[in-house]
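Undergrad: Pasting start.pdb below, which is PDB, C-alpha atoms, pLDDT in the B column.
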ATOM      1  CA  ASP T  13     -42.929 -21.309 -51.457  1.00 70.00           C
ATOM      2  CA  GLN T  14     -41.291 -18.488 -49.534  1.00 79.00           C
ATOM      3  CA  GLN T  15     -42.920 -18.323 -46.117  1.00 90.00           C
ATOM      4  CA  VAL T  16     -41.420 -14.980 -45.110  1.00 94.00           C
ATOM      5  CA  LYS T  17     -41.371 -12.199 -47.654  1.00 94.00           C
ATOM      6  CA  GLN T  18     -39.856  -8.763 -47.610  1.00 95.00           C
ATOM      7  CA  ASN T  19     -41.287  -7.316 -50.762  1.00 90.00           C
ATOM      8  CA  SER T  20     -39.204  -4.158 -50.818  1.00 94.00           C
ATOM      9  CA  PRO T  21     -35.561  -4.912 -51.636  1.00 93.00           C
ATOM     10  CA  SER T  22     -34.589  -1.352 -50.803  1.00 96.00           C
ATOM     11  CA  LEU T  23     -35.825   1.752 -49.023  1.00 97.00           C
ATOM     12  CA  SER T  24     -34.381   5.250 -48.947  1.00 97.00           C
ATOM     13  CA  VAL T  25     -35.388   7.868 -46.378  1.00 98.00           C
ATOM     14  CA  GLN T  26     -34.166  11.236 -45.208  1.00 98.00           C
ATOM     15  CA  GLU T  27     -32.416  11.577 -41.890  1.00 97.00           C
ATOM     16  CA  GLY T  28     -34.893  12.388 -39.117  1.00 97.00           C
ATOM     17  CA  ARG T  29     -37.876  10.887 -40.923  1.00 97.00           C
ATOM     18  CA  ILE T  30     -39.589   7.590 -40.214  1.00 98.00           C
ATOM     19  CA  SER T  31     -38.419   4.359 -41.832  1.00 98.00           C
ATOM     20  CA  ILE T  32     -41.007   1.609 -42.205  1.00 98.00           C
ATOM     21  CA  LEU T  33     -39.815  -1.844 -43.200  1.00 98.00           C
ATOM     22  CA  ASN T  34     -42.426  -4.467 -43.977  1.00 97.00           C
ATOM     23  CA  CYS T  35     -42.558  -8.228 -43.745  1.00 97.00           C
ATOM     24  CA  ASP T  36     -45.319 -10.679 -44.691  1.00 97.00           C
ATOM     25  CA  TYR T  37     -45.588 -14.322 -43.731  1.00 96.00           C
ATOM     26  CA  THR T  38     -47.771 -17.179 -44.861  1.00 95.00           C
ATOM     27  CA  ASN T  39     -47.361 -19.789 -42.126  1.00 91.00           C
ATOM     28  CA  SER T  40     -50.063 -19.248 -39.494  1.00 91.00           C
ATOM     29  CA  MET T  41     -48.066 -21.424 -37.068  1.00 91.00           C
ATOM     30  CA  PHE T  42     -45.382 -18.740 -36.679  1.00 92.00           C
ATOM     31  CA  ASP T  43     -45.620 -17.223 -33.228  1.00 90.00           C
ATOM     32  CA  TYR T  44     -42.302 -15.453 -32.709  1.00 92.00           C
ATOM     33  CA  PHE T  45     -40.801 -12.829 -34.960  1.00 94.00           C
ATOM     34  CA  LEU T  46     -37.415 -11.143 -34.967  1.00 94.00           C
ATOM     35  CA  TRP T  47     -35.637  -8.386 -36.833  1.00 97.00           C
ATOM     36  CA  TYR T  48     -31.913  -8.482 -37.488  1.00 97.00           C
ATOM     37  CA  LYS T  49     -29.708  -5.722 -38.829  1.00 97.00           C
ATOM     38  CA  LYS T  50     -26.665  -6.377 -40.983  1.00 95.00           C
ATOM     39  CA  TYR T  51     -23.869  -4.010 -41.932  1.00 96.00           C
ATOM     40  CA  PRO T  52     -21.568  -4.848 -44.866  1.00 92.00           C
ATOM     41  CA  ALA T  53     -18.813  -7.343 -44.024  1.00 89.00           C
ATOM     42  CA  GLU T  54     -20.398  -8.077 -40.641  1.00 93.00           C
ATOM     43  CA  GLY T  55     -22.730 -10.732 -39.331  1.00 95.00           C
ATOM     44  CA  PRO T  56     -26.387  -9.965 -38.606  1.00 95.00           C
ATOM     45  CA  THR T  57     -27.154  -8.618 -35.151  1.00 96.00           C
ATOM     46  CA  PHE T  58     -30.416  -8.992 -33.297  1.00 94.00           C
ATOM     47  CA  LEU T  59     -32.505  -5.837 -33.175  1.00 96.00           C
ATOM     48  CA  ILE T  60     -35.946  -6.494 -31.741  1.00 96.00           C
ATOM     49  CA  SER T  61     -38.482  -9.294 -31.428  1.00 94.00           C
ATOM     50  CA  ILE T  62     -42.179  -9.767 -30.831  1.00 95.00           C
ATOM     51  CA  SER T  63     -44.291 -12.652 -29.648  1.00 92.00           C
ATOM     52  CA  SER T  64     -47.670 -13.348 -31.204  1.00 91.00           C
ATOM     53  CA  ILE T  65     -49.385 -12.574 -27.907  1.00 93.00           C
ATOM     54  CA  LYS T  66     -48.475  -8.919 -28.459  1.00 94.00           C
ATOM     55  CA  ASP T  67     -49.197  -6.523 -31.279  1.00 95.00           C
ATOM     56  CA  LYS T  68     -46.453  -4.036 -30.501  1.00 97.00           C
ATOM     57  CA  ASN T  69     -43.001  -4.003 -28.996  1.00 97.00           C
ATOM     58  CA  GLU T  70     -40.864  -0.936 -28.545  1.00 97.00           C
ATOM     59  CA  ASP T  71     -37.166  -0.452 -27.885  1.00 96.00           C
ATOM     60  CA  GLY T  72     -35.945   3.102 -28.115  1.00 97.00           C
ATOM     61  CA  ARG T  73     -36.250   4.323 -31.694  1.00 97.00           C
ATOM     62  CA  PHE T  74     -37.356   0.893 -32.904  1.00 98.00           C
ATOM     63  CA  THR T  75     -40.923  -0.396 -32.781  1.00 98.00           C
ATOM     64  CA  VAL T  76     -42.225  -3.614 -34.257  1.00 98.00           C
ATOM     65  CA  PHE T  77     -45.929  -4.001 -35.022  1.00 98.00           C
ATOM     66  CA  LEU T  78     -47.611  -7.332 -35.606  1.00 97.00           C
ATOM     67  CA  ASN T  79     -50.919  -7.766 -37.399  1.00 96.00           C
ATOM     68  CA  LYS T  80     -51.750 -11.449 -37.025  1.00 95.00           C
ATOM     69  CA  SER T  81     -54.932 -11.373 -39.065  1.00 95.00           C
ATOM     70  CA  ALA T  82     -53.028  -9.906 -42.013  1.00 96.00           C
ATOM     71  CA  LYS T  83     -49.917 -12.006 -41.322  1.00 96.00           C
ATOM     72  CA  HIS T  84     -47.894  -8.835 -41.497  1.00 97.00           C
ATOM     73  CA  LEU T  85     -45.266  -7.206 -39.357  1.00 96.00           C
ATOM     74  CA  SER T  86     -43.467  -3.930 -39.711  1.00 97.00           C
ATOM     75  CA  LEU T  87     -40.429  -2.284 -38.183  1.00 98.00           C
ATOM     76  CA  HIS T  88     -40.610   1.452 -37.563  1.00 98.00           C
ATOM     77  CA  ILE T  89     -37.463   3.478 -36.967  1.00 98.00           C
ATOM     78  CA  VAL T  90     -38.058   6.981 -35.654  1.00 97.00           C
ATOM     79  CA  PRO T  91     -36.147   9.167 -36.153  1.00 97.00           C
ATOM     80  CA  SER T  92     -33.971   7.533 -38.794  1.00 98.00           C
ATOM     81  CA  GLN T  93     -30.235   8.151 -38.594  1.00 97.00           C
ATOM     82  CA  PRO T  94     -27.475   7.604 -41.183  1.00 97.00           C
ATOM     83  CA  GLY T  95     -26.049   4.869 -38.933  1.00 97.00           C
ATOM     84  CA  ASP T  96     -29.266   2.912 -39.460  1.00 97.00           C
ATOM     85  CA  SER T  97     -28.255   2.313 -43.081  1.00 98.00           C
ATOM     86  CA  ALA T  98     -28.005  -1.462 -43.291  1.00 97.00           C
ATOM     87  CA  VAL T  99     -29.803  -4.570 -44.510  1.00 96.00           C
ATOM     88  CA  TYR T 100     -32.721  -5.566 -42.297  1.00 97.00           C
ATOM     89  CA  PHE T 101     -33.925  -9.158 -42.161  1.00 96.00           C
ATOM     90  CA  CYS T 102     -37.144 -10.307 -40.607  1.00 96.00           C
ATOM     91  CA  ALA T 103     -37.350 -13.852 -39.313  1.00 94.00           C
ATOM     92  CA  ALA T 104     -40.148 -16.019 -37.983  1.00 93.00           C
ATOM     93  CA  ARG T 105     -40.479 -19.327 -36.248  1.00 90.00           C
ATOM     94  CA  ALA T 106     -43.129 -21.704 -34.998  1.00 86.00           C
ATOM     95  CA  PRO T 107     -43.596 -22.869 -31.377  1.00 81.00           C
ATOM     96  CA  ASN T 108     -40.998 -25.249 -29.979  1.00 75.00           C
ATOM     97  CA  THR T 109     -38.837 -24.718 -33.037  1.00 75.00           C
ATOM     98  CA  ASN T 110     -35.088 -24.525 -32.773  1.00 74.00           C
ATOM     99  CA  ALA T 111     -33.994 -20.895 -32.656  1.00 72.00           C
ATOM    100  CA  GLY T 112     -31.764 -21.470 -35.650  1.00 77.00           C
ATOM    101  CA  LYS T 113     -34.590 -22.867 -37.748  1.00 80.00           C
ATOM    102  CA  SER T 114     -36.193 -19.475 -38.045  1.00 86.00           C
ATOM    103  CA  THR T 115     -37.286 -18.679 -41.575  1.00 90.00           C
ATOM    104  CA  PHE T 116     -35.621 -15.537 -42.893  1.00 92.00           C
ATOM    105  CA  GLY T 117     -36.817 -13.038 -45.447  1.00 94.00           C
ATOM    106  CA  ASP T 118     -34.489 -11.875 -48.212  1.00 93.00           C
ATOM    107  CA  GLY T 119     -33.795  -8.555 -46.527  1.00 94.00           C
ATOM    108  CA  THR T 120     -34.469  -4.874 -47.179  1.00 96.00           C
ATOM    109  CA  THR T 121     -31.582  -2.475 -47.701  1.00 96.00           C
ATOM    110  CA  LEU T 122     -32.269   0.768 -45.865  1.00 98.00           C
ATOM    111  CA  THR T 123     -30.394   3.909 -46.843  1.00 98.00           C
ATOM    112  CA  VAL T 124     -30.765   6.942 -44.618  1.00 98.00           C
ATOM    113  CA  LYS T 125     -29.597  10.084 -46.341  1.00 97.00           C
ATOM    114  CA  PRO T 126     -28.083  12.932 -44.301  1.00 93.00           C
TER     115      PRO T 126
ATOM    116  CA  ASN A   5     -16.240 -10.133 -25.531  1.00 62.00           C
ATOM    117  CA  ALA A   6     -15.360 -12.045 -28.690  1.00 75.00           C
ATOM    118  CA  GLY A   7     -18.829 -13.615 -29.088  1.00 93.00           C
ATOM    119  CA  VAL A   8     -18.791 -15.842 -32.192  1.00 96.00           C
ATOM    120  CA  THR A   9     -15.505 -16.102 -34.060  1.00 96.00           C
ATOM    121  CA  GLN A  10     -15.151 -17.604 -37.528  1.00 97.00           C
ATOM    122  CA  THR A  11     -12.041 -18.456 -39.493  1.00 96.00           C
ATOM    123  CA  PRO A  12     -10.997 -17.915 -42.197  1.00 96.00           C
ATOM    124  CA  LYS A  13     -12.719 -14.697 -43.267  1.00 96.00           C
ATOM    125  CA  PHE A  14     -11.860 -15.204 -46.916  1.00 96.00           C
ATOM    126  CA  GLN A  15     -10.977 -18.287 -48.929  1.00 96.00           C
ATOM    127  CA  VAL A  16     -10.604 -19.099 -52.608  1.00 97.00           C
ATOM    128  CA  LEU A  17     -10.789 -22.736 -53.625  1.00 96.00           C
ATOM    129  CA  LYS A  18     -10.605 -24.653 -56.852  1.00 97.00           C
ATOM    130  CA  THR A  19     -13.388 -27.058 -57.746  1.00 97.00           C
ATOM    131  CA  GLY A  20     -12.835 -30.346 -55.972  1.00 97.00           C
ATOM    132  CA  GLN A  21     -10.690 -29.000 -53.151  1.00 97.00           C
ATOM    133  CA  SER A  22     -11.713 -29.446 -49.563  1.00 96.00           C
ATOM    134  CA  MET A  23     -11.689 -27.065 -46.653  1.00 96.00           C
ATOM    135  CA  THR A  24     -13.012 -26.582 -43.145  1.00 97.00           C
ATOM    136  CA  LEU A  25     -14.578 -23.443 -41.711  1.00 98.00           C
ATOM    137  CA  GLN A  26     -14.008 -23.086 -38.004  1.00 97.00           C
ATOM    138  CA  CYS A  27     -16.371 -21.470 -35.517  1.00 97.00           C
ATOM    139  CA  ALA A  28     -16.053 -20.875 -31.802  1.00 97.00           C
ATOM    140  CA  GLN A  29     -18.297 -19.096 -29.302  1.00 97.00           C
ATOM    141  CA  ASP A  30     -17.424 -17.947 -25.815  1.00 95.00           C
ATOM    142  CA  MET A  31     -20.948 -17.282 -24.522  1.00 94.00           C
ATOM    143  CA  ASN A  32     -21.537 -20.787 -23.133  1.00 93.00           C
ATOM    144  CA  HIS A  33     -24.368 -21.269 -25.623  1.00 93.00           C
ATOM    145  CA  ASN A  34     -25.838 -24.703 -26.127  1.00 92.00           C
ATOM    146  CA  SER A  35     -26.870 -24.471 -29.778  1.00 92.00           C
ATOM    147  CA  MET A  36     -24.789 -23.614 -32.822  1.00 93.00           C
ATOM    148  CA  TYR A  37     -25.591 -23.224 -36.513  1.00 94.00           C
ATOM    149  CA  TRP A  38     -24.116 -22.784 -39.955  1.00 96.00           C
ATOM    150  CA  TYR A  39     -25.874 -20.645 -42.571  1.00 96.00           C
ATOM    151  CA  ARG A  40     -25.093 -19.539 -46.065  1.00 96.00           C
ATOM    152  CA  GLN A  41     -26.187 -16.286 -47.624  1.00 94.00           C
ATOM    153  CA  ASP A  42     -26.272 -15.814 -51.376  1.00 92.00           C
ATOM    154  CA  PRO A  43     -26.646 -12.384 -53.012  1.00 85.00           C
ATOM    155  CA  GLY A  44     -30.103 -10.899 -52.573  1.00 81.00           C
ATOM    156  CA  MET A  45     -31.273 -13.785 -50.468  1.00 83.00           C
ATOM    157  CA  GLY A  46     -31.892 -14.481 -46.848  1.00 86.00           C
ATOM    158  CA  LEU A  47     -30.015 -16.859 -44.628  1.00 92.00           C
ATOM    159  CA  ARG A  48     -30.429 -20.565 -45.269  1.00 93.00           C
ATOM    160  CA  LEU A  49     -29.631 -23.099 -42.582  1.00 92.00           C
ATOM    161  CA  ILE A  50     -27.067 -25.720 -43.589  1.00 95.00           C
ATOM    162  CA  TYR A  51     -26.598 -27.714 -40.375  1.00 95.00           C
ATOM    163  CA  TYR A  52     -27.170 -27.153 -36.715  1.00 93.00           C
ATOM    164  CA  SER A  53     -26.204 -28.593 -33.376  1.00 93.00           C
ATOM    165  CA  ALA A  54     -28.889 -28.260 -30.740  1.00 89.00           C
ATOM    166  CA  SER A  55     -26.478 -29.299 -28.006  1.00 89.00           C
ATOM    167  CA  GLU A  56     -23.003 -30.709 -27.599  1.00 91.00           C
ATOM    168  CA  GLY A  57     -22.832 -34.149 -29.179  1.00 90.00           C
ATOM    169  CA  THR A  58     -25.721 -33.700 -31.600  1.00 92.00           C
ATOM    170  CA  THR A  59     -25.923 -32.447 -35.178  1.00 94.00           C
ATOM    171  CA  ASP A  60     -28.798 -32.257 -37.626  1.00 92.00           C
ATOM    172  CA  LYS A  61     -29.403 -31.239 -41.211  1.00 93.00           C
ATOM    173  CA  GLY A  62     -30.930 -27.924 -42.027  1.00 91.00           C
ATOM    174  CA  GLU A  63     -32.474 -26.677 -45.222  1.00 89.00           C
ATOM    175  CA  VAL A  64     -29.455 -27.037 -47.554  1.00 94.00           C
ATOM    176  CA  PRO A  65     -27.072 -29.715 -46.190  1.00 96.00           C
ATOM    177  CA  ASN A  66     -25.903 -31.339 -49.436  1.00 96.00           C
ATOM    178  CA  GLY A  67     -22.156 -31.088 -49.985  1.00 96.00           C
ATOM    179  CA  TYR A  68     -21.379 -30.241 -46.367  1.00 97.00           C
ATOM    180  CA  ASN A  69     -20.457 -32.017 -43.164  1.00 97.00           C
ATOM    181  CA  VAL A  70     -20.205 -30.684 -39.642  1.00 97.00           C
ATOM    182  CA  SER A  71     -18.550 -31.545 -36.358  1.00 97.00           C
ATOM    183  CA  ARG A  72     -19.510 -30.267 -32.926  1.00 96.00           C
ATOM    184  CA  LEU A  73     -16.073 -30.620 -31.425  1.00 89.00           C
ATOM    185  CA  ASN A  74     -17.112 -29.469 -27.936  1.00 95.00           C
ATOM    186  CA  LYS A  75     -19.552 -26.976 -26.498  1.00 95.00           C
ATOM    187  CA  ARG A  76     -17.568 -24.039 -27.876  1.00 96.00           C
ATOM    188  CA  GLU A  77     -16.666 -25.199 -31.376  1.00 97.00           C
ATOM    189  CA  PHE A  78     -18.657 -26.165 -34.459  1.00 97.00           C
ATOM    190  CA  SER A  79     -16.903 -26.711 -37.774  1.00 97.00           C
ATOM    191  CA  LEU A  80     -18.241 -26.921 -41.332  1.00 98.00           C
ATOM    192  CA  ARG A  81     -16.424 -29.007 -43.926  1.00 97.00           C
ATOM    193  CA  LEU A  82     -16.687 -28.949 -47.693  1.00 96.00           C
ATOM    194  CA  GLU A  83     -15.286 -32.265 -48.906  1.00 92.00           C
ATOM    195  CA  SER A  84     -15.271 -31.476 -52.620  1.00 96.00           C
ATOM    196  CA  ALA A  85     -16.020 -27.831 -53.278  1.00 96.00           C
ATOM    197  CA  ALA A  86     -18.263 -26.841 -56.190  1.00 96.00           C
ATOM    198  CA  PRO A  87     -18.858 -23.390 -57.739  1.00 96.00           C
ATOM    199  CA  SER A  88     -22.430 -23.539 -56.390  1.00 95.00           C
ATOM    200  CA  GLN A  89     -20.940 -23.363 -52.899  1.00 96.00           C
ATOM    201  CA  THR A  90     -19.586 -19.886 -53.547  1.00 96.00           C
ATOM    202  CA  SER A  91     -21.289 -17.908 -50.816  1.00 97.00           C
ATOM    203  CA  VAL A  92     -20.882 -16.101 -47.528  1.00 97.00           C
ATOM    204  CA  TYR A  93     -21.062 -18.472 -44.592  1.00 98.00           C
ATOM    205  CA  PHE A  94     -22.206 -17.438 -41.149  1.00 97.00           C
ATOM    206  CA  CYS A  95     -21.845 -19.324 -37.927  1.00 97.00           C
ATOM    207  CA  ALA A  96     -24.321 -18.515 -35.161  1.00 95.00           C
ATOM    208  CA  SER A  97     -25.168 -19.620 -31.659  1.00 94.00           C
ATOM    209  CA  SER A  98     -28.106 -19.382 -29.284  1.00 91.00           C
ATOM    210  CA  ARG A  99     -28.401 -19.944 -25.573  1.00 87.00           C
ATOM    211  CA  ASP A 100     -31.035 -22.618 -25.856  1.00 78.00           C
ATOM    212  CA  PHE A 101     -32.671 -24.806 -28.413  1.00 69.00           C
ATOM    213  CA  ASN A 102     -35.908 -22.900 -28.852  1.00 68.00           C
ATOM    214  CA  THR A 103     -35.631 -19.549 -27.154  1.00 69.00           C
ATOM    215  CA  GLY A 104     -34.103 -16.205 -27.803  1.00 75.00           C
ATOM    216  CA  GLU A 105     -32.159 -14.728 -30.610  1.00 87.00           C
ATOM    217  CA  LEU A 106     -29.169 -15.794 -32.649  1.00 91.00           C
ATOM    218  CA  PHE A 107     -25.675 -14.389 -32.265  1.00 93.00           C
ATOM    219  CA  PHE A 108     -23.716 -14.384 -35.504  1.00 96.00           C
ATOM    220  CA  GLY A 109     -20.078 -14.401 -36.454  1.00 96.00           C
ATOM    221  CA  GLU A 110     -18.707 -11.927 -38.974  1.00 96.00           C
ATOM    222  CA  GLY A 111     -18.941 -14.333 -41.870  1.00 96.00           C
ATOM    223  CA  SER A 112     -16.565 -16.228 -44.160  1.00 97.00           C
ATOM    224  CA  ARG A 113     -16.559 -15.370 -47.846  1.00 96.00           C
ATOM    225  CA  LEU A 114     -15.838 -18.457 -49.912  1.00 97.00           C
ATOM    226  CA  THR A 115     -15.210 -18.440 -53.649  1.00 96.00           C
ATOM    227  CA  VAL A 116     -14.982 -21.696 -55.582  1.00 96.00           C
ATOM    228  CA  LEU A 117     -13.450 -21.364 -59.039  1.00 95.00           C
TER     229      LEU A 117
END
Kindly transcribe the structure held in the file into structure tokens.

TA:
Amino acid sequence: DQQVKQNSPSLSVQEGRISILNCDYTNSMFDYFLWYKKYPAEGPTFLISISSIKDKNEDGRFTVFLNKSAKHLSLHIVPSQPGDSAVYFCAARAPNTNAGKSTFGDGTTLTVKP
Amino acid sequence: NAGVTQTPKFQVLKTGQSMTLQCAQDMNHNSMYWYRQDPGMGLRLIYYSASEGTTDKGEVPNGYNVSRLNKREFSLRLESAAPSQTSVYFCASSRDFNTGELFFGEGSRLTVL
């Protein structure tokens, strides 16, 4: 049973518009959520995180929203830029869990068209 | 800053051969990890080392062994490679056992024929 799901394998948006990447989870014990971005031939890099005590966290053009009752989080990128084209992974972990034992989704490939 | 460095970046093996992937981090992190990523899938944890001197199995440890050589270095060994181990392998580190984010290396693409 996949505990973290990114149901959209790919997303294409126009430069300057909003990109919304979605992630659903099933484990109600998860209390910390992260987004990573991955370019081809590179390792993932941390983008933004959110704790379950918050419902929103913002960092520049990136905002993560958490809806605990729906077990859903989303990453908003506004405005989208061609350099944002990458694979985005969401990850989740439970309290007192090793950072590396986060559960990862399968990723969403974002393409931002000029 | 180098961050997390993995070698080699590419490797082709024949079934049954052995090899070791090397990983080193220069961020003075306590915890280190090895993941594999298969096409269209997320990252799956193979082994991890919460601190120097300790190692533990992750989600998919079969066919692999690890060594935490010192605080900086964490190696992954395939004793008898199988085609099912064809994958991209990522080493990562984190400052502490249960806080913060992961820092990844660039990956090692392994093909087993």

Undergrad: Determine the residue membership of the PyMOL selection byres ((chain T and resi 22) around 12) for the file above and supply it as a PyMOL selection string.

TA: (chain T and resi 18-21+23-25+31-34+97-101+118-124) or (chain A and resi 44)

Undergrad: For the file shown, what are the residues hit by the PyMOL selection byres ((chain A) within 9 of (chain T)), laid out as a PyMOL selection string?

TA: chain A and resi 35-38+44-49+52+54+62-63+94-98+100-111

Undergrad: Any idea what the distance is between CA of Asp42 (chain A) and CA of Pro12 (chain A)?

TA: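 Computing it gives 17.9 Å between the two atoms.
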
Undergrad: Determine the residue set returned by the PyMOL selection byres ((chain A and resi 87) around 6) for the present structure, and present it as a list of chain:residue names.

TA: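 Answer for the PyMOL selection byres ((chain A and resi 87) around 6): A:Ala86, A:Ser88, A:Gln89, A:Thr90, A:Val116, A:Leu117.
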
Undergrad: How about saving the chosen residues, C-alpha atoms kept, as a JSON list (two decimals), in the coordinates of the input?

TA:
[["chain", "number", "residue", "atom", "x", "y", "z"],
["A", 86, "ALA", "CA", -18.26, -26.84, -56.19],
["A", 88, "SER", "CA", -22.43, -23.54, -56.39],
["A", 89, "GLN", "CA", -20.94, -23.36, -52.90],
["A", 90, "THR", "CA", -19.59, -19.89, -53.55],
["A", 116, "VAL", "CA", -14.98, -21.70, -55.58],
["A", 117, "LEU", "CA", -13.45, -21.36, -59.04]]

Undergrad: Which one is closest to Ser55 (chain A): A:Arg99, A:Gln41, A:Ser79, A:Tyr93? Count only C-alpha atoms.

TA: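 The shortest atom-to-atom distance to Ser55 (chain A) comes from A:Arg99.
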
Undergrad: What is the distance, in Å and to one decimal place, between CA of Arg40 (chain A) and CA of Ser40 (chain T)?

TA: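 A separation of 25.8 Å between them.
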
Undergrad: Given the choices T:Lys68, T:Phe74, T:Asp36, T:Ile62, which gets closest to Gln93 (chain T) if the distance is worked out from all atoms listed in the file?

TA: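 For Gln93 (chain T), the nearest of the given residues is T:Phe74.
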
Undergrad: In the coordinates of the file, take the point (-42.8, -5.5, -40.2) and a cut-off of 7 Å; then, counting all atoms listed in the file, name each qualifying protein, DNA or RNA residue as a list in words.

TA: Leu33, Asn34, Cys35, Val76, Phe77, Leu78, His84, Leu85, Ser86 and Leu87 of chain T

Undergrad: Would you list the contacts of Arg76 (chain A) as a PyMOL selection string, taking every protein, DNA or RNA residue within 9 Å and counting only C-alpha atoms, but skipping same-chain residues closer than 5 positions in sequence?

TA: chain A and resi 27-34+36+56

Undergrad: Rounded to one decimal place, report the CA of Tyr51 (chain A)-CA of Pro65 (chain A) distance in Å.

TA: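 One can read the CA of Tyr51 (chain A) to CA of Pro65 (chain A) distance as 6.2 Å.
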
Undergrad: For each of A:Val16, A:Leu25, A:Leu114, A:Val70, take the minimum atom-to-atom distance to Ser91 (chain A), counting only C-alpha atoms, then give the residue where this is smallest.

TA: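 Of all the options, A:Leu114 lies closest to Ser91 (chain A).
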